[in-house]
Amino acid sequence: MQRSQLRCGTAALLLAAALPLPLAATAVAAPAPPAAAAVSVAPAVSATATRLTLPAPTGPYAVGRDTLHLTDPQRRDPWVPAAGARELMVSLYYPAHRGTGGARAPYMTTEEARLLLEGDKLTGVVAPEVLAGTRTHARTGARPIGGRHPLVVLSPGFTLHRATLSLLAEDLTSRGYVVALLDHAYESFGTTFPGGRTLTCVACRAVESAPESTVRELMAKVATGRAADIRFVLDTLTGRGDGASTEAGHGQGTPARRYAGLVDPRRIGVAGHSIGGNSAASAMAADRRIRAGVNMDGTFFAPVPPGGLDGRPFLMLGSLDGHAPAAEDTTWLRDWRRLDGWKRWLTVRDAGHFTFIDIPVLGAQLGVTDPTAPLPGKRSGEITRDYVGAFFDRHLRGRPEPVLDGPTADHAEVLFQRP
């Protein structure tokens, strides 16, 4: 796998519509830094010219959201040891009563959007306010639905802000899940932390400057480090840990354990995109509390153990070109054979690496067409929502989900691989 394929240059896909250029010029699939820098700059789309909106969640519940700052005192940051304890930012979603809560939760900050665009060499193409101002459906301060709910932890792709999985997070929450959507310190182009700090991607620079012989080893380090992050989040959200502050409190807010009463510790799942998907498998291998996992188009740099995952279910959902059995990424076939429980290997026709996150959905609202991944943006979001949601409904709720049993006419783009 080429080094350029390790980076998630999502802004190129989202913002190509703003330029009168063929989309191929933006190197949407996986741009290396020099190629991305070749994109010419047009006047930025103003913040008022376009209003991006996430699709409405499909479940019966309203969506509440809090923002937590978690610090793990047992681990030093693997990328910047001098920074001290490992830190995470978490968007914590929970099922809520309709008509409660305050303002809509923000998608990301303008500074985070600016750094995402800058990281993809697209400064000046679209105003950061356009991306940052994406309309969400989650509301701050909403009143939670009582009882214990299954928990799903989501981890984004390398370089990506956690907001790029917001569509999936909101939809799962509307169906009755608590969802913890993570940002891992120093692994995104930019994430805002309390105290006025915006941390940038030290891990990206480490990977880009490493010899080719060590790149896979570094990416495996990302996956296993994130697995440790996920386990710490599970400890915190099930009442074993603390160290959190709310978005409003920035250091003196409500501790994360307040949500322990909403979480059923017997029904925990984990999913992720790209390296986040590899991290889901690594977290399952290390923690038997996790009952089910999903990898969305991620290479298994950190392999599934030869003995499997103790019979627990796992879904591999990817693009047909990138992750069919005969594709270049041979880690899927290797690890498919190691999975020892219920499993599915699904590939999607006309999909690309970013099909499974928000970017194609938002890009479609700007009029973008990607000839290398022509699946419509709206359809990309529907397939991700339907299959990931069905997987967790089946394995965390025990509900029959025929869509997982074989091809259907309603989802003709989805192929069931049986190597």
# chains A, B, ... in the order shown; residues from 1 in each chain; ligands from 1

call {"tool": "residues_around", "arguments": {"residues": "Trp345 in chain A", "least_positions_apart": "5", "cutoff": "8 Å", "atoms": "only C-alpha atoms", "output": "NGL selection string"}}
result
:A and (315-317 or 336 or 416-418)

call {"tool": "select_by_dssp", "arguments": {"residues": "range 134-320 of chain A", "states": "strand (DSSP E)", "output": "PyMOL selection string"}}
result
chain A and resi 139-140+149-155+178-184+191-193+197-199+244-246+263-273+290-296+314-319

call {"tool": "write_last_selection", "arguments": {"atoms": "N, CA and C atoms", "output": "compact mmCIF listing (two decimals), in the first residue's frame"}}
result
# COMPACT_ATOMS: atom_id res chain seq x y z
N ARG A 139 -29.13 18.13 19.94
CA ARG A 139 -29.30 19.35 20.72
C ARG A 139 -28.58 19.23 22.06
N THR A 140 -28.01 20.32 22.47
CA THR A 140 -27.34 20.35 23.76
C THR A 140 -28.38 20.46 24.87
N HIS A 149 -29.16 1.79 27.78
CA HIS A 149 -29.14 1.65 26.33
C HIS A 149 -27.82 1.02 25.89
N PRO A 150 -27.84 0.30 24.76
CA PRO A 150 -26.56 -0.19 24.23
C PRO A 150 -25.64 0.98 23.88
N LEU A 151 -24.35 0.75 24.02
CA LEU A 151 -23.34 1.77 23.74
C LEU A 151 -22.54 1.37 22.50
N VAL A 152 -22.34 2.33 21.60
CA VAL A 152 -21.46 2.14 20.44
C VAL A 152 -20.40 3.23 20.48
N VAL A 153 -19.13 2.83 20.39
CA VAL A 153 -18.00 3.77 20.32
C VAL A 153 -17.55 3.85 18.87
N LEU A 154 -17.37 5.06 18.36
CA LEU A 154 -16.97 5.30 16.97
C LEU A 154 -15.62 6.00 16.92
N SER A 155 -14.75 5.53 16.01
CA SER A 155 -13.42 6.12 15.84
C SER A 155 -13.24 6.52 14.37
N VAL A 178 -26.65 4.87 22.98
CA VAL A 178 -25.70 5.88 23.41
C VAL A 178 -24.48 5.73 22.51
N VAL A 179 -23.97 6.83 21.98
CA VAL A 179 -22.85 6.78 21.04
C VAL A 179 -21.75 7.71 21.54
N ALA A 180 -20.54 7.18 21.63
CA ALA A 180 -19.36 7.96 21.99
C ALA A 180 -18.49 8.10 20.74
N LEU A 181 -18.41 9.30 20.21
CA LEU A 181 -17.66 9.59 19.00
C LEU A 181 -16.36 10.29 19.39
N LEU A 182 -15.22 9.64 19.07
CA LEU A 182 -13.94 10.04 19.65
C LEU A 182 -13.09 10.88 18.70
N ASP A 183 -12.33 11.80 19.29
CA ASP A 183 -11.17 12.41 18.66
C ASP A 183 -9.95 12.03 19.49
N HIS A 184 -8.94 11.47 18.83
CA HIS A 184 -7.72 10.99 19.49
C HIS A 184 -6.65 12.08 19.35
N THR A 191 -7.97 19.43 16.32
CA THR A 191 -9.04 19.19 17.29
C THR A 191 -8.88 20.17 18.44
N THR A 192 -9.97 20.84 18.77
CA THR A 192 -9.95 21.81 19.85
C THR A 192 -10.15 21.13 21.19
N PHE A 193 -9.28 21.44 22.13
CA PHE A 193 -9.33 20.93 23.49
C PHE A 193 -9.58 22.09 24.45
N ARG A 197 -6.70 25.29 23.50
CA ARG A 197 -5.70 24.52 22.75
C ARG A 197 -6.34 23.85 21.54
N THR A 198 -5.71 23.96 20.39
CA THR A 198 -6.11 23.18 19.22
C THR A 198 -4.91 22.34 18.81
N LEU A 199 -5.03 21.02 19.00
CA LEU A 199 -3.93 20.10 18.74
C LEU A 199 -3.95 19.65 17.29
N ALA A 244 -13.40 13.87 33.22
CA ALA A 244 -14.03 14.51 32.08
C ALA A 244 -14.55 15.88 32.45
N SER A 245 -14.65 16.74 31.43
CA SER A 245 -15.30 18.04 31.64
C SER A 245 -16.21 18.31 30.46
N THR A 246 -17.33 18.96 30.70
CA THR A 246 -18.25 19.25 29.62
C THR A 246 -17.73 20.40 28.78
N VAL A 263 -25.99 3.61 30.21
CA VAL A 263 -25.26 2.61 29.43
C VAL A 263 -25.49 1.21 29.98
N ASP A 264 -25.85 0.29 29.10
CA ASP A 264 -25.92 -1.12 29.47
C ASP A 264 -24.55 -1.75 29.22
N PRO A 265 -23.79 -2.07 30.25
CA PRO A 265 -22.42 -2.57 30.04
C PRO A 265 -22.37 -3.95 29.41
N ARG A 266 -23.51 -4.61 29.27
CA ARG A 266 -23.55 -5.93 28.63
C ARG A 266 -23.78 -5.83 27.12
N ARG A 267 -24.03 -4.61 26.64
CA ARG A 267 -24.32 -4.43 25.20
C ARG A 267 -23.46 -3.29 24.66
N ILE A 268 -22.23 -3.62 24.32
CA ILE A 268 -21.27 -2.63 23.85
C ILE A 268 -20.76 -3.03 22.47
N GLY A 269 -20.76 -2.08 21.55
CA GLY A 269 -20.19 -2.29 20.23
C GLY A 269 -19.20 -1.20 19.89
N VAL A 270 -18.42 -1.44 18.85
CA VAL A 270 -17.43 -0.45 18.42
C VAL A 270 -17.33 -0.52 16.91
N ALA A 271 -17.15 0.65 16.29
CA ALA A 271 -17.03 0.73 14.83
C ALA A 271 -16.12 1.88 14.48
N GLY A 272 -15.58 1.85 13.27
CA GLY A 272 -14.72 2.94 12.85
C GLY A 272 -14.50 2.93 11.36
N HIS A 273 -14.05 4.07 10.86
CA HIS A 273 -13.73 4.23 9.45
C HIS A 273 -12.22 4.22 9.27
N ILE A 290 -16.60 -5.83 24.69
CA ILE A 290 -17.10 -5.41 23.38
C ILE A 290 -17.70 -6.63 22.69
N ARG A 291 -18.98 -6.57 22.41
CA ARG A 291 -19.68 -7.73 21.88
C ARG A 291 -19.71 -7.78 20.36
N ALA A 292 -19.50 -6.66 19.67
CA ALA A 292 -19.63 -6.64 18.22
C ALA A 292 -18.84 -5.47 17.65
N GLY A 293 -18.32 -5.65 16.43
CA GLY A 293 -17.50 -4.60 15.84
C GLY A 293 -17.66 -4.48 14.35
N VAL A 294 -17.33 -3.28 13.82
CA VAL A 294 -17.45 -2.97 12.39
C VAL A 294 -16.20 -2.25 11.92
N ASN A 295 -15.67 -2.71 10.79
CA ASN A 295 -14.58 -2.02 10.11
C ASN A 295 -15.11 -1.49 8.79
N MET A 296 -15.13 -0.16 8.64
CA MET A 296 -15.59 0.48 7.41
C MET A 296 -14.38 0.90 6.58
N PHE A 314 -18.49 -9.77 13.71
CA PHE A 314 -17.73 -8.67 13.12
C PHE A 314 -18.21 -8.45 11.70
N LEU A 315 -18.38 -7.17 11.34
CA LEU A 315 -18.80 -6.77 10.00
C LEU A 315 -17.67 -6.04 9.31
N MET A 316 -17.34 -6.45 8.08
CA MET A 316 -16.40 -5.75 7.22
C MET A 316 -17.20 -5.13 6.08
N LEU A 317 -17.23 -3.81 6.02
CA LEU A 317 -18.02 -3.06 5.04
C LEU A 317 -17.09 -2.14 4.28
N GLY A 318 -16.94 -2.37 2.97
CA GLY A 318 -15.95 -1.60 2.23
C GLY A 318 -16.34 -1.38 0.78
N SER A 319 -15.48 -0.66 0.09
CA SER A 319 -15.69 -0.41 -1.34
C SER A 319 -15.33 -1.65 -2.14

call {"tool": "residues_around", "arguments": {"residues": "Val388 in chain A", "least_positions_apart": "2", "cutoff": "9 Å", "atoms": "only C-alpha atoms", "output": "PyMOL selection string"}}
result
chain A and resi 168+172+271+294+315+317+383-386+390-393

call {"tool": "closest_residue", "arguments": {"among": "A:Thr347, A:Pro371, A:Asp77, A:Gly352", "to": "Pro407 in chain A", "atoms": "only C-alpha atoms"}}
result
A:Thr347

call {"tool": "residues_around", "arguments": {"residues": "Tyr186 in chain A", "least_positions_apart": "6", "cutoff": "6 Å", "atoms": "only C-alpha atoms", "output": "list in words"}}
result
Leu199, Thr200, Cys201, Val202 and Ala203 of chain A

call {"tool": "residues_around", "arguments": {"residues": "range 220-222 of chain A", "least_positions_apart": "3", "cutoff": "12 Å", "atoms": "only C-alpha atoms", "output": "CSV table (one decimal) with all heavy atoms, in the first residue's frame"}}
result
chain,number,residue,atom,x,y,z
A,6,LEU,N,-2.5,6.2,3.1
A,6,LEU,CA,-2.7,6.2,4.6
A,6,LEU,C,-3.4,7.4,5.0
A,6,LEU,O,-3.9,7.5,6.2
A,6,LEU,CB,-1.4,6.1,5.3
A,6,LEU,CG,-0.5,4.9,4.9
A,6,LEU,CD1,0.8,4.9,5.6
A,6,LEU,CD2,-1.2,3.6,5.2
A,77,ASP,N,0.8,10.4,26.4
A,77,ASP,CA,0.5,10.5,25.0
A,77,ASP,C,1.6,9.8,24.2
A,77,ASP,O,2.8,10.0,24.4
A,77,ASP,CB,0.3,11.9,24.6
A,77,ASP,CG,-0.2,12.0,23.2
A,77,ASP,OD1,-1.4,12.0,23.0
A,77,ASP,OD2,0.6,12.0,22.2
A,78,PRO,N,1.2,8.9,23.2
A,78,PRO,CA,2.2,8.1,22.5
A,78,PRO,C,3.0,9.0,21.4
A,78,PRO,O,4.1,8.6,21.0
A,78,PRO,CB,1.4,7.0,21.8
A,78,PRO,CG,0.1,7.6,21.7
A,78,PRO,CD,-0.1,8.4,22.9
A,79,TRP,N,2.4,10.1,21.0
A,79,TRP,CA,3.0,11.0,20.0
A,79,TRP,C,3.8,12.2,20.6
A,79,TRP,O,4.8,12.6,20.0
A,79,TRP,CB,1.9,11.5,19.0
A,79,TRP,CG,1.1,10.3,18.5
A,79,TRP,CD1,-0.2,10.0,18.8
A,79,TRP,CD2,1.5,9.3,17.6
A,79,TRP,NE1,-0.6,8.9,18.1
A,79,TRP,CE2,0.5,8.5,17.4
A,79,TRP,CE3,2.7,9.1,16.9
A,79,TRP,CZ2,0.5,7.4,16.5
A,79,TRP,CZ3,2.8,8.0,16.1
A,79,TRP,CH2,1.7,7.1,15.9
A,155,SER,N,-14.7,5.5,16.0
A,155,SER,CA,-13.4,6.1,15.8
A,155,SER,C,-13.2,6.5,14.4
A,155,SER,O,-13.5,5.7,13.5
A,155,SER,CB,-12.3,5.1,16.2
A,155,SER,OG,-11.0,5.6,16.1
A,156,PRO,N,-12.8,7.8,14.1
A,156,PRO,CA,-12.7,8.2,12.7
A,156,PRO,C,-11.4,7.8,12.0
A,156,PRO,O,-10.6,7.2,12.6
A,156,PRO,CB,-12.8,9.8,12.9
A,156,PRO,CG,-12.1,10.0,14.2
A,156,PRO,CD,-12.5,8.8,15.1
A,157,GLY,N,-11.4,8.1,10.7
A,157,GLY,CA,-10.2,7.8,10.0
A,157,GLY,C,-9.0,8.7,10.4
A,157,GLY,O,-9.1,9.7,11.0
A,158,PHE,N,-7.8,8.3,9.9
A,158,PHE,CA,-6.6,9.0,10.2
A,158,PHE,C,-6.6,10.4,9.6
A,158,PHE,O,-7.0,10.5,8.4
A,158,PHE,CB,-5.4,8.2,9.6
A,158,PHE,CG,-4.0,8.6,10.2
A,158,PHE,CD1,-3.8,8.7,11.5
A,158,PHE,CD2,-3.0,8.8,9.3
A,158,PHE,CE1,-2.5,9.0,12.0
A,158,PHE,CE2,-1.7,9.2,9.7
A,158,PHE,CZ,-1.5,9.3,11.1
A,159,THR,N,-6.2,11.4,10.3
A,159,THR,CA,-6.3,12.8,10.0
A,159,THR,C,-7.6,13.5,10.2
A,159,THR,O,-7.8,14.7,10.1
A,159,THR,CB,-5.8,13.2,8.6
A,159,THR,OG1,-6.8,12.9,7.6
A,159,THR,CG2,-4.5,12.5,8.2
A,184,HIS,N,-8.9,11.5,18.8
A,184,HIS,CA,-7.7,11.0,19.5
A,184,HIS,C,-6.7,12.1,19.4
A,184,HIS,O,-6.3,12.5,18.2
A,184,HIS,CB,-7.2,9.7,18.8
A,184,HIS,CG,-8.3,8.7,18.7
A,184,HIS,ND1,-8.5,7.7,19.7
A,184,HIS,CD2,-9.3,8.5,17.8
A,184,HIS,CE1,-9.5,6.9,19.3
A,184,HIS,NE2,-10.0,7.4,18.1
A,185,ALA,N,-6.1,12.5,20.4
A,185,ALA,CA,-5.2,13.7,20.4
A,185,ALA,C,-4.0,13.4,19.5
A,185,ALA,O,-3.5,12.3,19.4
A,185,ALA,CB,-4.6,13.9,21.8
A,186,TYR,N,-3.7,14.5,18.7
A,186,TYR,CA,-2.5,14.5,17.8
A,186,TYR,C,-2.7,13.6,16.6
A,186,TYR,O,-1.7,13.2,15.9
A,186,TYR,CB,-1.2,14.2,18.5
A,186,TYR,CG,-0.9,15.1,19.6
A,186,TYR,CD1,-1.0,14.8,21.0
A,186,TYR,CD2,-0.5,16.5,19.4
A,186,TYR,CE1,-0.8,15.6,22.0
A,186,TYR,CE2,-0.3,17.3,20.4
A,186,TYR,CZ,-0.4,16.9,21.7
A,186,TYR,OH,-0.1,17.8,22.8
A,187,GLU,N,-4.0,13.1,16.3
A,187,GLU,CA,-4.2,12.2,15.2
A,187,GLU,C,-5.2,12.8,14.1
A,187,GLU,O,-5.6,12.1,13.2
A,187,GLU,CB,-4.6,10.8,15.7
A,187,GLU,CG,-3.6,10.1,16.5
A,187,GLU,CD,-4.0,8.8,17.0
A,187,GLU,OE1,-5.0,8.2,16.5
A,187,GLU,OE2,-3.4,8.3,18.0
A,188,SER,N,-5.5,14.1,14.3
A,188,SER,CA,-6.4,14.7,13.3
A,188,SER,C,-5.7,16.0,12.9
A,188,SER,O,-4.8,16.5,13.6
A,188,SER,CB,-7.7,15.1,13.9
A,188,SER,OG,-7.6,16.2,14.8
A,202,VAL,N,0.4,15.5,14.9
A,202,VAL,CA,1.8,15.0,15.1
A,202,VAL,C,2.0,13.6,14.5
A,202,VAL,O,3.0,13.3,13.9
A,202,VAL,CB,2.2,15.1,16.6
A,202,VAL,CG1,3.6,14.5,16.8
A,202,VAL,CG2,2.1,16.5,17.1
A,203,ALA,N,1.0,12.8,14.7
A,203,ALA,CA,1.1,11.4,14.2
A,203,ALA,C,1.2,11.4,12.7
A,203,ALA,O,1.9,10.6,12.1
A,203,ALA,CB,-0.1,10.6,14.6
A,204,CYS,N,0.5,12.3,12.0
A,204,CYS,CA,0.6,12.4,10.5
A,204,CYS,C,2.0,12.7,10.1
A,204,CYS,O,2.5,12.1,9.1
A,204,CYS,CB,-0.4,13.5,10.0
A,204,CYS,SG,-2.1,13.3,10.5
A,206,ALA,N,4.7,12.1,11.7
A,206,ALA,CA,5.5,10.9,12.0
A,206,ALA,C,5.4,9.9,10.9
A,206,ALA,O,6.4,9.3,10.5
A,206,ALA,CB,5.1,10.3,13.3
A,207,VAL,N,4.2,9.7,10.4
A,207,VAL,CA,4.0,8.7,9.4
A,207,VAL,C,4.6,9.2,8.0
A,207,VAL,O,5.3,8.4,7.3
A,207,VAL,CB,2.5,8.3,9.2
A,207,VAL,CG1,2.3,7.5,7.9
A,207,VAL,CG2,2.0,7.6,10.4
A,214,THR,N,8.9,1.2,7.8
A,214,THR,CA,8.3,1.3,9.1
A,214,THR,C,6.9,1.9,9.1
A,214,THR,O,6.3,2.1,10.2
A,214,THR,CB,9.2,2.2,10.0
A,214,THR,OG1,9.2,3.5,9.5
A,214,THR,CG2,10.6,1.6,10.1
A,215,VAL,N,6.3,2.3,8.0
A,215,VAL,CA,5.0,2.9,7.9
A,215,VAL,C,3.9,2.0,8.4
A,215,VAL,O,3.1,2.4,9.3
A,215,VAL,CB,4.7,3.4,6.5
A,215,VAL,CG1,3.2,3.8,6.4
A,215,VAL,CG2,5.6,4.6,6.1
A,216,ARG,N,3.9,0.8,8.0
A,216,ARG,CA,2.9,-0.2,8.5
A,216,ARG,C,3.0,-0.3,10.0
A,216,ARG,O,2.0,-0.4,10.7
A,216,ARG,CB,3.0,-1.5,7.8
A,216,ARG,CG,2.5,-1.5,6.4
A,216,ARG,CD,2.6,-2.9,5.7
A,216,ARG,NE,1.9,-2.9,4.5
A,216,ARG,CZ,0.6,-3.1,4.3
A,216,ARG,NH1,-0.1,-3.4,5.3
A,216,ARG,NH2,0.1,-3.1,3.1
A,217,GLU,N,4.2,-0.4,10.5
A,217,GLU,CA,4.4,-0.5,12.0
A,217,GLU,C,3.8,0.7,12.7
A,217,GLU,O,3.1,0.6,13.8
A,217,GLU,CB,5.9,-0.6,12.3
A,217,GLU,CG,6.2,-0.8,13.8
A,217,GLU,CD,7.7,-0.9,14.0
A,217,GLU,OE1,8.4,-1.3,13.1
A,217,GLU,OE2,8.1,-0.5,15.2
A,225,GLY,N,-3.1,1.9,19.8
A,225,GLY,CA,-3.2,3.1,20.7
A,225,GLY,C,-4.7,3.5,20.8
A,225,GLY,O,-5.2,3.8,21.9
A,226,ARG,N,-5.4,3.5,19.7
A,226,ARG,CA,-6.8,3.8,19.7
A,226,ARG,C,-7.6,2.8,20.4
A,226,ARG,O,-8.6,3.1,21.1
A,226,ARG,CB,-7.3,4.0,18.3
A,226,ARG,CG,-6.8,5.3,17.6
A,226,ARG,CD,-7.6,5.6,16.3
A,226,ARG,NE,-7.1,6.8,15.7
A,226,ARG,CZ,-7.8,7.4,14.8
A,226,ARG,NH1,-9.0,6.9,14.4
A,226,ARG,NH2,-7.3,8.5,14.2
A,227,ALA,N,-7.2,1.5,20.3
A,227,ALA,CA,-7.9,0.5,21.1
A,227,ALA,C,-7.8,0.7,22.6
A,227,ALA,O,-8.7,0.5,23.3
A,227,ALA,CB,-7.3,-0.9,20.7
A,228,ALA,N,-6.6,1.2,23.0
A,228,ALA,CA,-6.4,1.6,24.4
A,228,ALA,C,-7.3,2.7,24.8
A,228,ALA,O,-7.9,2.8,25.9
A,228,ALA,CB,-5.0,1.8,24.7
A,229,ASP,N,-7.4,3.7,23.9
A,229,ASP,CA,-8.3,4.8,24.1
A,229,ASP,C,-9.8,4.3,24.2
A,229,ASP,O,-10.5,4.8,25.1
A,229,ASP,CB,-8.3,5.8,22.9
A,229,ASP,CG,-7.0,6.5,22.7
A,229,ASP,OD1,-6.2,6.6,23.7
A,229,ASP,OD2,-6.7,7.0,21.6
A,274,SER,N,-11.7,3.5,8.2
A,274,SER,CA,-10.3,3.5,7.9
A,274,SER,C,-9.5,3.0,9.1
A,274,SER,O,-9.8,1.9,9.6
A,274,SER,CB,-9.9,4.9,7.4
A,274,SER,OG,-8.6,4.8,6.8
A,275,ILE,N,-8.5,3.7,9.6
A,275,ILE,CA,-7.8,3.2,10.7
A,275,ILE,C,-8.7,3.0,12.0
A,275,ILE,O,-8.4,2.2,12.8
A,275,ILE,CB,-6.6,4.1,11.1
A,275,ILE,CG1,-5.5,3.3,12.0
A,275,ILE,CG2,-7.0,5.4,11.7
A,275,ILE,CD1,-4.9,2.1,11.3
A,276,GLY,N,-9.8,3.8,12.0
A,276,GLY,CA,-10.7,3.6,13.1
A,276,GLY,C,-11.4,2.2,13.0
A,276,GLY,O,-11.7,1.6,14.1
A,277,GLY,N,-11.6,1.7,11.8
A,277,GLY,CA,-12.1,0.3,11.7
A,277,GLY,C,-11.1,-0.7,12.2
A,277,GLY,O,-11.5,-1.7,12.8
A,278,ASN,N,-9.9,-0.6,11.8
A,278,ASN,CA,-8.8,-1.5,12.4
A,278,ASN,C,-8.8,-1.4,13.9
A,278,ASN,O,-8.7,-2.4,14.6
A,278,ASN,CB,-7.5,-1.1,11.8
A,278,ASN,CG,-6.4,-2.0,12.1
A,278,ASN,OD1,-5.2,-1.8,11.7
A,278,ASN,ND2,-6.6,-3.1,12.8
A,279,SER,N,-9.0,-0.2,14.4
A,279,SER,CA,-9.0,0.0,15.9
A,279,SER,C,-10.1,-0.7,16.5
A,279,SER,O,-10.0,-1.2,17.7
A,279,SER,CB,-9.0,1.5,16.2
A,279,SER,OG,-8.0,2.2,15.6
A,280,ALA,N,-11.3,-0.8,15.8
A,280,ALA,CA,-12.4,-1.5,16.4
A,280,ALA,C,-12.0,-3.0,16.6
A,280,ALA,O,-12.3,-3.6,17.7
A,280,ALA,CB,-13.6,-1.4,15.4
A,281,ALA,N,-11.4,-3.6,15.6
A,281,ALA,CA,-11.0,-5.0,15.8
A,281,ALA,C,-9.9,-5.2,16.9
A,281,ALA,O,-10.0,-6.1,17.7
A,281,ALA,CB,-10.5,-5.5,14.5
A,282,SER,N,-9.0,-4.2,16.9
A,282,SER,CA,-8.0,-4.3,18.0
A,282,SER,C,-8.6,-4.1,19.4
A,282,SER,O,-8.1,-4.8,20.3
A,282,SER,CB,-6.9,-3.2,17.7
A,282,SER,OG,-6.2,-3.5,16.5
A,283,ALA,N,-9.5,-3.3,19.5
A,283,ALA,CA,-10.2,-3.1,20.8
A,283,ALA,C,-10.9,-4.4,21.2
A,283,ALA,O,-10.9,-4.8,22.4
A,283,ALA,CB,-11.1,-1.9,20.7
A,298,GLY,N,-11.2,-0.1,6.3
A,298,GLY,CA,-9.9,0.1,6.9
A,298,GLY,C,-9.0,-1.0,6.7
A,298,GLY,O,-9.4,-2.2,7.0
A,299,THR,N,-7.8,-0.8,6.3
A,299,THR,CA,-6.7,-1.8,6.3
A,299,THR,C,-6.4,-2.3,7.7
A,299,THR,O,-6.4,-1.5,8.7
A,299,THR,CB,-5.5,-1.3,5.7
A,299,THR,OG1,-5.7,-0.9,4.3
A,299,THR,CG2,-4.3,-2.3,5.7
A,300,PHE,N,-6.3,-3.6,7.9
A,300,PHE,CA,-5.9,-4.2,9.2
A,300,PHE,C,-4.4,-4.2,9.4
A,300,PHE,O,-3.7,-5.2,9.3
A,300,PHE,CB,-6.4,-5.7,9.3
A,300,PHE,CG,-7.9,-5.8,9.4
A,300,PHE,CD1,-8.7,-6.1,8.2
A,300,PHE,CD2,-8.6,-5.7,10.6
A,300,PHE,CE1,-10.0,-6.3,8.3
A,300,PHE,CE2,-9.9,-5.9,10.7
A,300,PHE,CZ,-10.7,-6.2,9.5
A,301,PHE,N,-3.9,-3.0,9.7
A,301,PHE,CA,-2.5,-2.9,9.9
A,301,PHE,C,-2.1,-3.6,11.2
A,301,PHE,O,-1.1,-4.3,11.3
A,301,PHE,CB,-2.1,-1.4,10.1
A,301,PHE,CG,-2.1,-0.6,8.8
A,301,PHE,CD1,-3.2,0.3,8.6
A,301,PHE,CD2,-1.1,-0.7,7.9
A,301,PHE,CE1,-3.3,1.0,7.4
A,301,PHE,CE2,-1.2,0.0,6.7
A,301,PHE,CZ,-2.3,0.9,6.5
A,302,ALA,N,-2.9,-3.6,12.2
A,302,ALA,CA,-2.8,-4.4,13.4
A,302,ALA,C,-3.7,-5.6,13.2
A,302,ALA,O,-5.0,-5.5,13.2
A,302,ALA,CB,-3.2,-3.7,14.7
A,303,PRO,N,-3.2,-6.8,13.0
A,303,PRO,CA,-4.0,-7.9,12.5
A,303,PRO,C,-5.0,-8.4,13.6
A,303,PRO,O,-4.7,-8.3,14.8
A,303,PRO,CB,-3.0,-9.0,12.2
A,303,PRO,CG,-1.6,-8.3,12.1
A,303,PRO,CD,-1.7,-7.1,13.0
A,304,VAL,N,-6.1,-9.0,13.2
A,304,VAL,CA,-6.9,-9.8,14.0
A,304,VAL,C,-6.1,-11.0,14.6
A,304,VAL,O,-5.3,-11.6,13.8
A,304,VAL,CB,-8.1,-10.3,13.3
A,304,VAL,CG1,-8.9,-11.4,14.1
A,304,VAL,CG2,-9.1,-9.2,12.9

call {"tool": "atom_distance", "arguments": {"atom1": "CA of Leu117 in chain A", "atom2": "CA of Ile359 in chain A"}}
result
12.7 Å

call {"tool": "residues_around", "arguments": {"residues": "range 374-377 of chain A", "least_positions_apart": "3", "cutoff": "12 Å", "atoms": "only C-alpha atoms", "output": "PyMOL selection string"}}
result
chain A and resi 13-14+23+54-55+319-320+348-371+380-384+412-414
